[in-house]
>>> print(open('protein23.txt').read())   # compact mmCIF, C-alpha atoms
# COMPACT_ATOMS: atom_id res chain seq x y z
CA MET A 13 -40.42 11.36 -71.19
CA GLU A 14 -41.19 9.01 -74.07
CA ARG A 15 -38.37 6.63 -74.80
CA SER A 16 -37.87 3.61 -76.99
CA ALA A 17 -35.21 0.93 -76.59
CA VAL A 18 -33.28 -0.27 -79.63
CA ARG A 19 -31.44 -3.48 -80.12
CA TYR A 20 -27.97 -2.09 -79.42
CA GLY A 21 -28.48 0.75 -77.01
CA LEU A 22 -30.80 3.61 -76.29
CA ALA A 23 -32.97 5.98 -78.33
CA LEU A 24 -33.86 9.41 -76.92
CA GLU A 25 -36.68 11.59 -78.16
CA GLN A 26 -35.83 14.72 -80.07
CA PRO A 27 -36.51 17.23 -77.23
CA ALA A 28 -33.88 15.54 -75.06
CA VAL A 29 -31.39 15.40 -77.91
CA ASP A 30 -32.00 19.09 -78.70
CA ALA A 31 -31.42 20.05 -75.06
CA LEU A 32 -28.16 18.08 -74.95
CA ARG A 33 -27.06 19.49 -78.29
CA GLY A 34 -27.66 22.99 -77.00
CA GLN A 35 -24.91 22.41 -74.44
CA LEU A 36 -22.28 21.51 -77.04
CA PRO A 37 -20.67 25.00 -77.22
CA VAL A 38 -20.33 25.06 -73.43
CA VAL A 39 -19.01 21.49 -73.31
CA ALA A 40 -16.46 22.20 -76.04
CA GLU A 41 -15.26 25.40 -74.37
CA GLN A 42 -14.98 23.87 -70.91
CA THR A 43 -13.29 20.75 -72.31
CA VAL A 44 -10.58 22.85 -73.93
CA ASP A 45 -10.13 24.91 -70.74
CA ALA A 46 -9.78 21.74 -68.66
CA ILE A 47 -7.29 20.14 -71.07
CA ALA A 48 -5.14 23.27 -71.03
CA VAL A 49 -4.97 23.13 -67.23
CA GLU A 50 -4.77 19.38 -66.58
CA VAL A 51 -2.65 18.05 -69.45
CA GLY A 52 0.83 19.47 -69.26
CA GLU A 53 1.74 19.03 -72.93
CA TYR A 54 -1.17 21.30 -73.91
CA ALA A 55 -0.33 24.05 -71.43
CA GLY A 56 -0.09 27.33 -73.30
CA GLN A 57 -1.18 25.68 -76.57
CA MET A 58 -4.93 26.19 -76.40
CA THR A 59 -5.04 29.56 -78.10
CA GLY A 60 -5.99 31.02 -81.45
CA THR A 61 -6.60 28.76 -84.41
CA PHE A 62 -5.50 25.62 -82.59
CA ARG A 63 -8.08 26.19 -79.84
CA GLU A 64 -10.79 26.74 -82.44
CA ARG A 65 -9.89 23.48 -84.18
CA VAL A 66 -10.00 21.53 -80.93
CA GLU A 67 -13.39 23.01 -79.96
CA ASP A 68 -14.74 22.17 -83.42
CA ALA A 69 -13.44 18.61 -83.06
CA VAL A 70 -15.15 18.24 -79.65
CA ARG A 71 -18.46 19.54 -81.03
CA LEU A 72 -18.24 17.29 -84.09
CA ALA A 73 -17.54 14.19 -81.99
CA LEU A 74 -20.27 14.82 -79.43
CA ASP A 75 -22.80 15.87 -82.07
CA GLY A 76 -22.13 12.55 -83.79
CA PHE A 77 -22.90 10.77 -80.53
CA LEU A 78 -26.20 12.62 -80.14
CA GLY A 79 -27.11 11.62 -83.68
CA LEU A 80 -26.65 8.00 -82.64
CA VAL A 81 -28.64 8.13 -79.40
CA GLY A 82 -31.48 10.13 -80.96
CA HIS A 83 -34.67 8.28 -81.69
CA ALA A 84 -34.18 8.74 -85.43
CA GLY A 85 -30.69 7.28 -85.25
CA ALA A 86 -31.72 4.03 -83.59
CA GLY A 87 -28.21 2.58 -83.97
CA ASP A 88 -25.35 1.42 -81.78
CA ALA A 89 -24.49 4.52 -79.78
CA SER A 90 -21.15 3.09 -78.71
CA THR A 91 -19.95 2.99 -82.34
CA PRO A 92 -19.17 6.41 -83.85
CA LEU A 93 -20.10 7.30 -87.39
CA LYS A 94 -17.39 6.92 -90.04
CA PRO A 95 -16.79 10.67 -90.52
CA VAL A 96 -16.30 11.05 -86.76
CA MET A 97 -13.96 8.06 -86.65
CA ASP A 98 -11.99 9.46 -89.59
CA ALA A 99 -11.70 12.80 -87.80
CA ALA A 100 -10.47 11.07 -84.61
CA TYR A 101 -7.89 9.11 -86.60
CA ALA A 102 -6.71 12.31 -88.31
CA LEU A 103 -6.50 14.03 -84.92
CA GLY A 104 -4.17 11.30 -83.66
CA ARG A 105 -1.89 11.65 -86.68
CA GLY A 106 -1.84 15.41 -86.30
CA GLU A 107 -0.89 15.20 -82.63
CA ALA A 108 1.97 12.84 -83.48
CA ARG A 109 3.23 15.26 -86.13
CA SER A 110 3.06 18.03 -83.54
CA GLY A 111 5.33 16.01 -81.25
CA ARG A 112 2.78 15.36 -78.50
CA THR A 113 2.75 11.96 -76.88
CA MET A 114 0.05 9.32 -76.94
CA SER A 115 -0.33 9.63 -73.17
CA ALA A 116 -1.14 13.33 -73.56
CA LEU A 117 -3.74 12.51 -76.20
CA LEU A 118 -5.39 9.87 -74.01
CA ALA A 119 -5.38 12.25 -71.04
CA ALA A 120 -7.16 14.84 -73.17
CA TYR A 121 -9.83 12.29 -74.08
CA ARG A 122 -10.34 11.40 -70.42
CA VAL A 123 -10.78 15.06 -69.56
CA GLY A 124 -13.23 15.48 -72.44
CA ALA A 125 -15.31 12.50 -71.32
CA ARG A 126 -15.49 13.81 -67.76
CA VAL A 127 -16.48 17.35 -68.78
CA ALA A 128 -19.05 16.12 -71.32
CA TRP A 129 -20.72 13.87 -68.77
CA ARG A 130 -20.69 16.55 -66.08
CA GLU A 131 -22.53 19.05 -68.30
CA TRP A 132 -24.86 16.57 -69.94
CA SER A 133 -25.82 14.85 -66.70
CA THR A 134 -27.06 18.21 -65.42
CA VAL A 135 -29.34 18.45 -68.44
CA CYS A 136 -30.51 14.87 -68.02
CA VAL A 137 -31.42 15.42 -64.37
CA ALA A 138 -33.28 18.61 -65.30
CA LEU A 139 -35.26 16.58 -67.85
CA ASP A 140 -36.17 14.11 -65.08
CA MET A 141 -34.56 11.23 -66.96
CA PRO A 142 -35.16 7.89 -65.17
CA SER A 143 -32.13 6.46 -63.38
CA GLN A 144 -31.87 3.36 -65.56
CA VAL A 145 -31.90 5.50 -68.70
CA LEU A 146 -29.40 7.90 -67.17
CA ALA A 147 -27.09 5.01 -66.30
CA ARG A 148 -27.28 3.56 -69.80
CA PHE A 149 -26.71 7.00 -71.29
CA ALA A 150 -23.57 7.46 -69.15
CA GLU A 151 -22.27 4.06 -70.19
CA LEU A 152 -22.72 4.92 -73.85
CA VAL A 153 -21.01 8.30 -73.50
CA PHE A 154 -17.86 6.75 -72.06
CA SER A 155 -17.91 3.80 -74.46
CA TYR A 156 -18.27 6.15 -77.42
CA ILE A 157 -15.34 8.31 -76.31
CA ASP A 158 -13.22 5.21 -75.64
CA THR A 159 -13.83 4.16 -79.24
CA LEU A 160 -12.86 7.61 -80.51
CA SER A 161 -9.70 7.61 -78.41
CA ALA A 162 -8.76 4.19 -79.81
CA ALA A 163 -9.08 5.60 -83.35
CA SER A 164 -6.86 8.53 -82.40
CA VAL A 165 -4.30 6.22 -80.82
CA THR A 166 -4.21 4.21 -84.06
CA GLY A 167 -3.67 7.41 -86.03
CA HIS A 168 -0.94 8.49 -83.63
CA SER A 169 0.83 5.12 -83.89
CA ASP A 170 0.53 5.00 -87.67
CA GLN A 171 2.00 8.47 -87.99
CA LEU A 172 4.93 7.60 -85.75
CA ALA A 173 5.53 4.42 -87.76
CA VAL A 174 5.54 6.33 -91.03
CA THR A 175 7.74 9.05 -89.56
CA GLY A 176 10.12 6.41 -88.20
CA ARG A 177 10.40 4.68 -91.58
CA VAL A 178 10.97 7.96 -93.38
CA ARG A 179 13.59 9.04 -90.86
CA GLU A 180 15.31 5.66 -91.14
CA GLN A 181 15.42 6.02 -94.93
CA TYR A 182 16.85 9.53 -94.63
CA ARG A 183 19.48 8.32 -92.18
CA GLU A 184 20.50 5.44 -94.39
CA ARG A 185 20.90 7.86 -97.30
CA LEU A 186 22.91 10.17 -95.03
CA ALA A 187 25.20 7.32 -93.91
CA ARG A 188 25.87 6.30 -97.49
CA ALA A 189 26.67 9.89 -98.42
CA ILE A 190 29.07 10.17 -95.48
CA LEU A 191 30.90 7.01 -96.51
CA ASP A 192 31.03 8.24 -100.12
CA ALA A 193 32.70 11.47 -98.87
CA GLU A 194 30.05 13.70 -100.39
CA PRO A 195 30.57 17.50 -100.05
CA PRO A 196 29.97 18.88 -96.52
CA ASP A 197 27.10 21.12 -97.68
CA LEU A 198 25.20 18.11 -99.00
CA LEU A 199 25.95 16.11 -95.85
CA LEU A 200 24.61 18.91 -93.64
CA ALA A 201 21.42 19.13 -95.72
CA LEU A 202 20.90 15.38 -95.49
CA ALA A 203 21.58 15.46 -91.74
CA ASP A 204 18.92 18.13 -91.31
CA GLY A 205 16.40 16.08 -93.27
CA ALA A 206 17.25 13.01 -91.20
CA GLU A 207 16.84 14.93 -87.91
CA TRP A 208 20.42 13.98 -87.06
CA GLN A 209 22.80 16.29 -85.24
CA PRO A 210 26.30 15.80 -86.66
CA PRO A 211 28.82 14.81 -83.96
CA ASP A 212 32.48 15.80 -84.00
CA CYS A 213 33.51 12.30 -85.01
CA LEU A 214 32.30 8.83 -85.95
CA THR A 215 33.69 5.32 -85.58
CA ALA A 216 32.86 2.54 -88.01
CA VAL A 217 31.84 -0.77 -86.44
CA LEU A 218 31.32 -3.96 -88.43
CA ALA A 219 29.09 -6.57 -86.81
CA ARG A 220 26.89 -9.49 -87.71
CA ALA A 221 23.64 -8.44 -89.38
CA ALA A 222 21.68 -10.16 -86.61
CA ASP A 223 23.36 -7.89 -84.05
CA GLY A 224 22.92 -4.64 -85.98
CA HIS A 225 19.74 -3.27 -84.41
CA SER A 226 20.61 -4.37 -80.89
CA LEU A 227 24.03 -2.71 -81.14
CA GLN A 228 22.42 0.43 -82.52
CA ALA A 229 20.23 0.56 -79.41
CA VAL A 230 23.25 0.04 -77.15
CA LEU A 231 25.43 2.61 -78.90
CA GLY A 232 22.69 5.25 -78.93
CA PRO A 233 19.83 6.48 -81.15
CA ASP A 234 22.15 8.67 -83.24
CA THR A 235 24.17 5.65 -84.37
CA LEU A 236 23.71 5.18 -88.11
CA LEU A 237 23.03 1.65 -89.36
CA LEU A 238 23.60 0.28 -92.84
CA PRO A 239 23.40 -3.19 -94.41
CA GLY A 240 26.55 -4.88 -95.64
CA ASP A 241 25.86 -3.93 -99.26
CA VAL A 242 27.58 -0.60 -98.57
CA LEU A 243 30.77 -2.70 -98.54
CA GLY A 244 29.85 -4.34 -101.80
CA LEU A 245 29.03 -7.51 -99.88
CA ALA A 246 26.14 -9.81 -100.62
CA PRO A 247 23.35 -9.68 -98.00
CA ASP A 248 23.93 -13.34 -97.13
CA LEU A 249 27.40 -12.47 -95.76
CA ASP A 250 25.67 -11.40 -92.56
CA VAL A 251 27.32 -8.00 -91.95
CA SER A 252 25.97 -4.71 -90.64
CA VAL A 253 27.80 -1.39 -90.69
CA LEU A 254 27.34 1.03 -87.80
CA LEU A 255 28.67 4.59 -87.54
CA ALA A 256 28.85 5.36 -83.83
CA PRO A 257 29.09 9.03 -82.74
CA GLY A 258 31.45 10.37 -80.10
CA GLY A 259 35.14 10.24 -79.37
CA ASN A 260 35.16 8.11 -76.22
CA ARG A 261 36.69 4.97 -77.67
CA ARG A 262 36.94 3.17 -74.33
CA ALA A 263 33.20 3.65 -73.75
CA LEU A 264 32.50 2.35 -77.26
CA LEU A 265 34.59 -0.78 -76.77
CA ASP A 266 33.01 -1.42 -73.37
CA ALA A 267 29.52 -1.02 -74.85
CA LEU A 268 30.28 -3.63 -77.53
CA GLY A 269 31.35 -6.08 -74.83
CA PRO A 270 31.71 -9.65 -76.09
CA THR A 271 29.75 -9.07 -79.30
CA PRO A 272 31.72 -10.18 -82.38
CA ALA A 273 32.69 -6.91 -84.08
CA ILE A 274 35.50 -5.03 -85.78
CA VAL A 275 36.06 -1.42 -84.71
CA GLY A 276 37.70 1.06 -87.06
CA PRO A 277 39.58 4.20 -86.02
CA THR A 278 37.69 7.29 -84.86
CA ARG A 279 37.59 10.01 -87.52
CA PRO A 280 35.91 13.41 -88.11
CA TRP A 281 32.32 12.61 -89.07
CA THR A 282 32.68 13.76 -92.67
CA GLN A 283 35.75 11.51 -93.08
CA SER A 284 34.46 8.34 -91.45
CA GLY A 285 34.76 6.43 -94.72
CA ALA A 286 38.42 6.02 -93.75
CA SER A 287 37.33 4.31 -90.53
CA LEU A 288 35.18 1.87 -92.47
CA HIS A 289 37.98 1.18 -94.96
CA ARG A 290 40.37 0.13 -92.20
CA ALA A 291 37.78 -2.04 -90.44
CA ARG A 292 36.99 -3.66 -93.78
CA ARG A 293 40.61 -4.80 -94.13
CA LEU A 294 40.39 -6.82 -90.91
CA LEU A 295 36.96 -8.11 -91.95
CA ASP A 296 38.42 -9.44 -95.20
CA ARG A 297 41.21 -11.12 -93.25
CA TYR A 298 39.41 -12.59 -90.27
CA GLY A 299 35.65 -12.28 -90.77
CA LEU A 300 33.48 -11.84 -87.69
CA LYS A 301 34.36 -15.02 -85.83
CA HIS A 302 36.13 -13.23 -82.96
CA ARG A 303 34.56 -11.41 -80.06
CA LEU A 304 36.15 -8.06 -80.79
CA LEU A 305 38.93 -6.80 -83.05
CA ASP A 306 40.14 -3.25 -82.47
CA THR A 307 42.03 -1.83 -85.45
CA GLU A 308 43.93 0.51 -83.12
CA GLU A 309 45.50 -2.54 -81.49
CA ARG A 310 46.54 -3.99 -84.86
CA LEU A 311 48.19 -1.07 -86.62
CA ALA A 312 51.48 -2.90 -87.29
CA GLU A 313 49.58 -5.83 -88.75
CA LEU A 314 47.51 -3.52 -90.93
CA VAL A 315 50.65 -1.86 -92.25
CA VAL A 316 52.25 -5.22 -93.03
CA ILE A 317 49.19 -6.56 -94.87
CA ALA A 318 48.58 -3.36 -96.81
CA ASP A 319 49.83 -5.19 -99.90
CA GLU A 320 49.08 -8.88 -99.44
CA ASP A 321 50.55 -9.81 -102.81
CA ALA A 322 53.84 -8.10 -102.01
CA LEU A 323 53.90 -9.77 -98.60
CA ARG A 324 53.49 -13.20 -100.19
CA ASP A 325 56.33 -12.48 -102.62
CA LEU A 326 58.53 -11.27 -99.77
CA ARG A 327 57.87 -14.40 -97.73
CA THR A 328 58.64 -16.63 -100.69
CA ARG A 329 61.97 -14.88 -101.24
CA VAL A 330 63.27 -14.51 -97.70
CA LEU A 331 62.14 -17.99 -96.59
CA ARG A 332 63.60 -19.74 -99.64
CA PRO A 333 66.23 -21.49 -97.45
CA LEU A 334 63.39 -23.43 -95.81
CA ALA A 335 61.74 -24.45 -99.09
CA GLY A 336 63.49 -27.81 -99.36
CA LEU A 337 62.52 -28.99 -95.88
CA ARG A 338 59.55 -31.08 -94.82
CA PRO A 339 56.55 -28.79 -94.18
CA ASP A 340 56.41 -29.50 -90.43
CA THR A 341 60.15 -28.92 -90.04
CA ALA A 342 59.96 -25.68 -92.04
CA ALA A 343 57.03 -24.46 -89.90
CA THR A 344 58.92 -25.24 -86.68
CA LEU A 345 62.04 -23.39 -87.80
CA GLU A 346 59.96 -20.46 -89.10
CA SER A 347 58.21 -20.01 -85.74
CA THR A 348 61.55 -20.27 -83.94
CA LEU A 349 63.14 -17.65 -86.21
CA ARG A 350 60.20 -15.31 -85.73
CA SER A 351 60.39 -15.61 -81.93
CA TRP A 352 64.17 -15.20 -81.99
CA LEU A 353 63.86 -11.96 -83.99
CA LEU A 354 61.06 -10.55 -81.80
CA HIS A 355 62.88 -11.39 -78.56
CA GLN A 356 66.18 -10.05 -79.96
CA GLY A 357 67.97 -13.37 -79.54
CA ARG A 358 67.13 -13.89 -75.84
CA ARG A 359 67.13 -17.69 -75.69
CA GLU A 360 65.21 -18.02 -72.41
CA ALA A 361 62.40 -15.76 -73.68
CA VAL A 362 62.20 -17.70 -76.96
CA ALA A 363 62.04 -21.00 -75.08
CA ALA A 364 59.28 -19.70 -72.82
CA GLU A 365 57.20 -18.53 -75.76
CA LEU A 366 57.60 -21.75 -77.72
CA VAL A 367 57.34 -23.92 -74.59
CA VAL A 368 60.56 -25.81 -75.30
CA HIS A 369 63.91 -26.24 -73.55
CA PRO A 370 66.53 -23.51 -74.16
CA GLN A 371 68.82 -26.18 -75.56
CA THR A 372 66.17 -26.90 -78.19
CA VAL A 373 66.20 -23.24 -79.15
CA ARG A 374 69.99 -23.34 -79.39
CA TYR A 375 69.85 -26.40 -81.66
CA ARG A 376 67.22 -24.85 -83.94
CA MET A 377 69.09 -21.54 -84.22
CA THR A 378 72.26 -23.43 -85.17
CA ARG A 379 70.30 -25.12 -87.93
CA LEU A 380 68.82 -21.77 -89.07
CA ARG A 381 72.25 -20.16 -89.24
CA GLU A 382 73.41 -23.05 -91.42
CA LEU A 383 70.45 -22.53 -93.74
CA PHE A 384 70.46 -18.72 -93.89
CA GLY A 385 74.21 -18.10 -93.57
CA ASP A 386 75.27 -14.45 -93.36
CA THR A 387 71.68 -13.31 -94.03
CA LEU A 388 70.95 -13.34 -90.28
CA THR A 389 73.74 -10.82 -89.66
CA ASP A 390 72.80 -8.43 -92.50
CA PRO A 391 70.54 -5.64 -91.10
CA GLU A 392 68.70 -5.17 -94.42
CA ARG A 393 67.98 -8.88 -94.75
CA VAL A 394 66.97 -9.16 -91.08
CA LEU A 395 64.49 -6.31 -91.63
CA GLU A 396 62.98 -8.14 -94.59
CA ILE A 397 62.70 -11.39 -92.64
CA THR A 398 61.12 -9.59 -89.68
CA VAL A 399 58.48 -7.99 -91.93
CA ALA A 400 57.87 -11.26 -93.75
CA LEU A 401 57.28 -13.10 -90.47
CA ALA A 402 55.34 -10.33 -88.76
CA VAL A 403 52.00 -11.72 -89.93
CA ALA A 404 51.51 -14.96 -91.79
CA PRO A 405 49.03 -14.48 -94.68
CA GLY A 406 45.63 -15.90 -93.82
CA ALA A 407 46.61 -16.69 -90.24
CA ALA A 408 43.94 -16.52 -87.56
CA ALA A 409 43.91 -13.44 -85.38
CA THR A 410 45.95 -13.71 -82.24
CA PRO A 411 43.54 -13.60 -79.25
CA THR A 412 43.55 -10.34 -77.37
CA ALA A 413 42.58 -9.52 -73.82
CA ARG A 414 39.02 -8.96 -75.08
CA ASP A 415 38.75 -12.27 -76.95
>>> encode(input="protein23.txt", output="structure tokens")
Amino acid sequence: MERSAVRYGLALEQPAVDALRGQLPVVAEQTVDAIAVEVGEYAGQMTGTFRERVEDAVRLALDGFLGLVGHAGAGDASTPLKPVMDAAYALGRGEARSGRTMSALLAAYRVGARVAWREWSTVCVALDMPSQVLARFAELVFSYIDTLSAASVTGHSDQLAVTGRVREQYRERLARAILDAEPPDLLLALADGAEWQPPDCLTAVLARAADGHSLQAVLGPDTLLLPGDVLGLAPDLDVSVLLAPGGNRRALLDALGPTPAIVGPTRPWTQSGASLHRARRLLDRYGLKHRLLDTEERLAELVVIADEDALRDLRTRVLRPLAGLRPDTAATLESTLRSWLLHQGRREAVAAELVVHPQTVRYRMTRLRELFGDTLTDPERVLEITVALAVAPGAAATPTARD
């Protein structure tokens, strides 16, 4: 057989190319049969129009290769032509849209390479092709198909990236609509577009922006993630909002671990704006400097601080007897009065909490009775004082077992 070497590969005379091209229908058919049997994700799929498209793609790709190795082509046979590369890229995107994995796509290419070489090598042997030419031809076949598969993998990855970005945008829009308490029909439509199955309930979690994506991964792929601007906060305030599905609060708290976060109450998924609202109140008070703040453990505090302005006025009025004292003395007597009220006058318990001698408590309470007079025996006034001292405005959060 007459042959001519080219700079980048191998050039075959037209009779050999024609003989190989004549096998393309058989190669395409047997390739599809083998893929259907050997690649699980294609089992039962290789029928009808889809089968025809795959066979056409196989013929197009291999015909492009023969055009390169033919004497007239005289090019680099390991580099497919642009139309073939474009088709391979489009195939990868289409397979991603169909939900098939990249591993399935690569397995199909491996099967195709094996079948193509098995059929073509028979033709080459029948043509009495010299061993060195046969070896080079085999090398080029597998190199060519590797290049095609790389183009398909790129298409597959690009499609997944685009799909992921689109889904993320849909989910962000859905989360905003949930927090805005949009009508249920609209929420269900948005959930369908976002490929998100509505859970029975959601829990709002506020965390640092830097922890947002990692917490989303920990809490599960159906956790919705939003930037802090949904709270009306500037981006530089470093806050992410997560809406975690499910009603197992203990599992949620355990999953958050030591990460600084504020956890709102669990609410029906269409009403989870209420969960965010409550978490926001602790965020405004304490920020995200603590490991974990659970709003369910701070209900009394949340009730007391519902109207901060009223609380300040109440404190000013009920603590007026301390106004004329030195600040440190007033603070000492205030803490003693608070402890005395909470421990219902049990001197030993007050002393233990304040880490002082019981006699010191007795002395301080004598002084407080002088200052407050009959107020400390009036139930209505005692209630006001107790509320006023329940939470000091702007005070740091008391550490919990999780802090």
>>> residues_around(input="protein23.txt", residues="Val316 of chain A", least_positions_apart="6", cutoff="12 Å", atoms="only C-alpha atoms", output="list in words")
Arg293, Arg310, Ala322, Leu323, Arg324, Leu326, Arg327, Glu396, Thr398, Val399, Ala400, Leu401, Ala402, Val403, Ala404 and Pro405 of chain A
>>> atom_distance(input="protein23.txt", atom1="atom CA of Pro277 of chain A", atom2="atom CA of Leu249 of chain A")
22.8 Å
>>> closest_residue(input="protein23.txt", among="A:Cys213, A:Leu198, A:Leu93, A:Val253", to="His225 of chain A", atoms="all atoms listed in the file")
A:Val253
>>> atom_distance(input="protein23.txt", atom1="atom CA of Ala267 of chain A", atom2="atom CA of Gly244 of chain A")
27.2 Å
>>> atom_distance(input="protein23.txt", atom1="atom CA of Glu67 of chain A", atom2="atom CA of Ala40 of chain A")
5.0 Å
>>> decode(input="protein23.txt", residues="segment 101-109 of chain A", atoms="all heavy atoms", output="PDB file, in the first residue's frame")
ATOM      1  N   TYR A 101     -18.802  18.956  22.150  1.00  0.00           N
ATOM      2  CA  TYR A 101     -19.117  19.880  23.245  1.00  0.00           C
ATOM      3  C   TYR A 101     -20.627  19.918  23.480  1.00  0.00           C
ATOM      4  O   TYR A 101     -21.102  19.848  24.632  1.00  0.00           O
ATOM      5  CB  TYR A 101     -18.590  21.265  22.901  1.00  0.00           C
ATOM      6  CG  TYR A 101     -18.873  22.330  23.930  1.00  0.00           C
ATOM      7  CD1 TYR A 101     -18.037  22.510  25.031  1.00  0.00           C
ATOM      8  CD2 TYR A 101     -19.990  23.159  23.807  1.00  0.00           C
ATOM      9  CE1 TYR A 101     -18.303  23.493  25.987  1.00  0.00           C
ATOM     10  CE2 TYR A 101     -20.261  24.136  24.756  1.00  0.00           C
ATOM     11  CZ  TYR A 101     -19.413  24.297  25.832  1.00  0.00           C
ATOM     12  OH  TYR A 101     -19.681  25.264  26.770  1.00  0.00           O
ATOM     13  N   ALA A 102     -21.385  20.029  22.380  1.00  0.00           N
ATOM     14  CA  ALA A 102     -22.846  20.071  22.492  1.00  0.00           C
ATOM     15  C   ALA A 102     -23.389  18.767  23.066  1.00  0.00           C
ATOM     16  O   ALA A 102     -24.361  18.769  23.830  1.00  0.00           O
ATOM     17  CB  ALA A 102     -23.460  20.346  21.122  1.00  0.00           C
ATOM     18  N   LEU A 103     -22.750  17.648  22.717  1.00  0.00           N
ATOM     19  CA  LEU A 103     -23.183  16.353  23.263  1.00  0.00           C
ATOM     20  C   LEU A 103     -23.022  16.352  24.789  1.00  0.00           C
ATOM     21  O   LEU A 103     -23.910  15.894  25.522  1.00  0.00           O
ATOM     22  CB  LEU A 103     -22.345  15.228  22.653  1.00  0.00           C
ATOM     23  CG  LEU A 103     -22.568  13.830  23.258  1.00  0.00           C
ATOM     24  CD1 LEU A 103     -24.004  13.372  23.019  1.00  0.00           C
ATOM     25  CD2 LEU A 103     -21.570  12.832  22.666  1.00  0.00           C
ATOM     26  N   GLY A 104     -21.897  16.873  25.270  1.00  0.00           N
ATOM     27  CA  GLY A 104     -21.680  16.925  26.708  1.00  0.00           C
ATOM     28  C   GLY A 104     -22.724  17.771  27.415  1.00  0.00           C
ATOM     29  O   GLY A 104     -23.261  17.380  28.459  1.00  0.00           O
ATOM     30  N   ARG A 105     -23.069  18.907  26.844  1.00  0.00           N
ATOM     31  CA  ARG A 105     -24.089  19.768  27.461  1.00  0.00           C
ATOM     32  C   ARG A 105     -25.448  19.065  27.469  1.00  0.00           C
ATOM     33  O   ARG A 105     -26.197  19.136  28.446  1.00  0.00           O
ATOM     34  CB  ARG A 105     -24.177  21.096  26.713  1.00  0.00           C
ATOM     35  CG  ARG A 105     -22.909  21.913  26.763  1.00  0.00           C
ATOM     36  CD  ARG A 105     -23.150  23.366  26.404  1.00  0.00           C
ATOM     37  NE  ARG A 105     -23.971  24.014  27.419  1.00  0.00           N
ATOM     38  CZ  ARG A 105     -24.099  25.329  27.535  1.00  0.00           C
ATOM     39  NH1 ARG A 105     -23.445  26.141  26.715  1.00  0.00           N
ATOM     40  NH2 ARG A 105     -24.859  25.862  28.470  1.00  0.00           N
ATOM     41  N   GLY A 106     -25.747  18.399  26.353  1.00  0.00           N
ATOM     42  CA  GLY A 106     -27.019  17.694  26.277  1.00  0.00           C
ATOM     43  C   GLY A 106     -27.131  16.567  27.291  1.00  0.00           C
ATOM     44  O   GLY A 106     -28.184  16.360  27.900  1.00  0.00           O
ATOM     45  N   GLU A 107     -26.041  15.850  27.516  1.00  0.00           N
ATOM     46  CA  GLU A 107     -26.057  14.762  28.488  1.00  0.00           C
ATOM     47  C   GLU A 107     -26.225  15.301  29.907  1.00  0.00           C
ATOM     48  O   GLU A 107     -26.896  14.701  30.738  1.00  0.00           O
ATOM     49  CB  GLU A 107     -24.772  13.935  28.382  1.00  0.00           C
ATOM     50  CG  GLU A 107     -24.676  13.120  27.096  1.00  0.00           C
ATOM     51  CD  GLU A 107     -25.832  12.149  26.971  1.00  0.00           C
ATOM     52  OE1 GLU A 107     -25.742  11.040  27.520  1.00  0.00           O
ATOM     53  OE2 GLU A 107     -26.839  12.506  26.327  1.00  0.00           O
ATOM     54  N   ALA A 108     -25.623  16.466  30.180  1.00  0.00           N
ATOM     55  CA  ALA A 108     -25.817  17.083  31.497  1.00  0.00           C
ATOM     56  C   ALA A 108     -27.269  17.498  31.692  1.00  0.00           C
ATOM     57  O   ALA A 108     -27.855  17.302  32.753  1.00  0.00           O
ATOM     58  CB  ALA A 108     -24.892  18.291  31.646  1.00  0.00           C
ATOM     59  N   ARG A 109     -27.869  18.075  30.653  1.00  0.00           N
ATOM     60  CA  ARG A 109     -29.281  18.464  30.750  1.00  0.00           C
ATOM     61  C   ARG A 109     -30.177  17.249  30.949  1.00  0.00           C
ATOM     62  O   ARG A 109     -31.225  17.336  31.598  1.00  0.00           O
ATOM     63  CB  ARG A 109     -29.711  19.229  29.495  1.00  0.00           C
ATOM     64  CG  ARG A 109     -29.174  20.648  29.411  1.00  0.00           C
ATOM     65  CD  ARG A 109     -29.893  21.428  28.332  1.00  0.00           C
ATOM     66  NE  ARG A 109     -29.633  20.880  27.008  1.00  0.00           N
ATOM     67  CZ  ARG A 109     -28.626  21.250  26.226  1.00  0.00           C
ATOM     68  NH1 ARG A 109     -27.779  22.182  26.654  1.00  0.00           N
ATOM     69  NH2 ARG A 109     -28.452  20.708  25.048  1.00  0.00           N
TER      70      ARG A 109
END
